[in-house]
Each structure stands twice: as C-alpha cells, then as structure tokens.
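Report on the structure given below.
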Amino acid sequence: HIKNLVSTLDLDANVQFVGYMDRATTLLDCYKAADVFVFASRTETQGLVLLEALAQETPVVSTAVMGTANVLDGMQGAIIAPEDVVGFSTLVASVLNDPAVRQSLSQRALSDAKAWSSCAMTNSLVEYYERLISSSRKMEIFT
C-alpha cells in the first residue's frame, strides 16, 4: 500500500524502501546518515527507535504518545511535534532547513540516549529498591 502511495504521489525519486537492516551495522549507519529522525507513530509502546537514533547523534522530531511520551520527556536532542499534519510537517521542514538547530540537537542527542542506557536504568532501579527498603524499615519502626 505504501509503495503504491509513494508512486501515486510521484515520490519514487525521494523514497527508498530498503527492507531489513542488520541492527548492529546497517541500521546504525542509516540512523547516523540521517539529518533528522522523523517519527509519528501513535501506537509505539516503548520508543526504542528514538533512543537508537539519538545514540547515533541524530536529532529526533516525533509526536509524544504512549511510550514515546515517556522517552521524550526532558529530551534536549529531540523536538516534540504536534499531532497534526501541517504542524508536524512545518516543524520537520524547519529543522531540516536550519543547520544550526540540527547541530544543536545533535550535540545533545547522545547524552539523552545515555540517560536510558542499561547502566543508567539499572542504577535507577537500584535506587528505587533502596527507597522501598528504607521506607519499609521506617514503617516497621512504627508498627
């Protein structure tokens, strides 16, 4: 359906369907080569693709629904786009047309991704457990 739509809109020269990409090589190269990673899914539950793009220092323009809202909260290498075609496309075009904005977003993208690394998430979980243990000990004192 999408290939037919691309042809109908006469976008064949601008859209390339590449198929499966190896996650350890080709996909990372693709993220790195992009000027901006554009994402408009309303059903993404985790937003991992956003982190993958940011980890390659690629600026992100995305809606913030479901899992993407959690990932994008506080991000400085990403811009949250409105959920309407005109607003979304205008924002993407403005990022693509402004090298200074892209550079600024790119410089902050990697630190955003690192905040979601396995090490950072493990530390956060350990801190959470420590707070639970501490609060349960306090409750034992009062019971």
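Naming works like this for the structure tokens: A, B, ... for the chains as they're shown, residue 1 at the start of each chain, ligands 1 onward in shown order.
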
Spatial neighbours of Ala34 in chain A, max dist 9 Å, only C-alpha atoms, sep filter under 5 positions, as a CSV table (one decimal) with N, CA and C atoms, in the first residue's frame:
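Generated file (result.csv):
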chain,number,residue,atom,x,y,z
A,29,ASP,N,24.2,2.7,10.7
A,29,ASP,CA,24.7,3.6,9.7
A,29,ASP,C,23.6,4.5,9.1
A,53,ALA,N,18.1,6.3,17.4
A,53,ALA,CA,18.5,7.4,16.6
A,53,ALA,C,19.4,8.4,17.4
A,58,THR,N,21.7,11.6,16.1
A,58,THR,CA,20.7,12.0,15.1
A,58,THR,C,19.6,12.7,15.8
A,59,PRO,N,19.3,14.0,15.5
A,59,PRO,CA,18.2,14.7,16.1
A,59,PRO,C,16.9,14.0,15.8

Which residues are close to Ser41 in chain A, i.e. within 12 Å by only C-alpha atoms, leaving aside same-chain residues fewer than 4 positions away? Reply as a PDB file with C-alpha atoms, in the first residue's frame.
ATOM      1  CA  THR A  45       4.752   1.285  23.227  1.00  0.00           C
ATOM      2  CA  GLN A  46       8.440   1.742  24.046  1.00  0.00           C
ATOM      3  CA  GLY A  47      10.027   4.324  21.780  1.00  0.00           C
ATOM      4  CA  VAL A  49      13.798   3.644  17.838  1.00  0.00           C
ATOM      5  CA  LEU A  50      14.011   7.160  19.268  1.00  0.00           C
ATOM      6  CA  VAL A  61      11.302  15.069  15.601  1.00  0.00           C
ATOM      7  CA  SER A  62       8.462  12.977  16.969  1.00  0.00           C
ATOM      8  CA  THR A  63       4.985  13.022  18.369  1.00  0.00           C
ATOM      9  CA  ALA A  64       4.753  12.127  22.052  1.00  0.00           C
ATOM     10  CA  VAL A  65       2.083   9.474  22.529  1.00  0.00           C
ATOM     11  CA  MET A  66       2.222   6.351  24.706  1.00  0.00           C
ATOM     12  CA  GLY A  67       5.814   5.109  25.088  1.00  0.00           C
ATOM     13  CA  THR A  68       7.315   7.941  23.086  1.00  0.00           C
ATOM     14  CA  ALA A  69       5.953  10.444  25.605  1.00  0.00           C
ATOM     15  CA  ALA A  81       5.849  17.755  17.197  1.00  0.00           C
ATOM     16  CA  GLU A  83      -0.201  15.720  16.138  1.00  0.00           C
TER      17      GLU A  83
END

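Our summary of the geometry notes that CA of Gln76 in chain A is positioned 9.1 Å from CA of Ser106 in chain A.
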
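Distances here use only C-alpha atoms; by that measure, the residue among A:Ala115, A:Ser104, A:Asn70, A:Thr90 closest to Glu44 in chain A is A:Asn70.
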
Task: Contacts of Arg102 in chain A within 12 Å, only C-alpha atoms, excl. fewer than 6 positions in-chain, as a ChimeraX atom specification - done: /A:34-37,57-61,76-79,91-96,108-109

TODO: Using DSSP on the backbone coordinates, identify the residues of range 23-92 of chain A assigned to helix (DSSP H, G or I); present them as a ChimeraX atom specification.
DONE: /A:26-33,48-55,67-72,85-92

TODO: Report the residues of range 48-133 of chain A whose backbone DSSP state falls under strand (DSSP E or B), written as a ChimeraX atom specification.
DONE: /A:60-62,78-80

For the residues selected in the previous step, produce a file with C-alpha atoms as a short mmCIF file (atom, residue, chain, number, x, y, z; two decimals), in the first residue's frame.
data_model
loop_
_atom_site.label_atom_id
_atom_site.label_comp_id
_atom_site.auth_asym_id
_atom_site.auth_seq_id
_atom_site.Cartn_x
_atom_site.Cartn_y
_atom_site.Cartn_z
CA VAL A 60 14.62 13.50 16.51
CA VAL A 61 11.30 15.07 15.60
CA SER A 62 8.46 12.98 16.97
CA ALA A 78 14.56 15.88 20.25
CA ILE A 79 11.63 18.11 19.46
CA ILE A 80 8.07 17.05 20.17
#

Task: Distance in Å - CA of Ser89 in chain A versus CA of Arg23 in chain A - done: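 Distance reported for this atom pair: 27.8 Å.
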
Task: Which of A:Gln56, A:Thr26, A:Thr43, A:Asn123 sits closest to Leu110 in chain A [using only C-alpha atoms] - done: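 Using only C-alpha atoms, the shortest distance to Leu110 in chain A belongs to A:Gln56.
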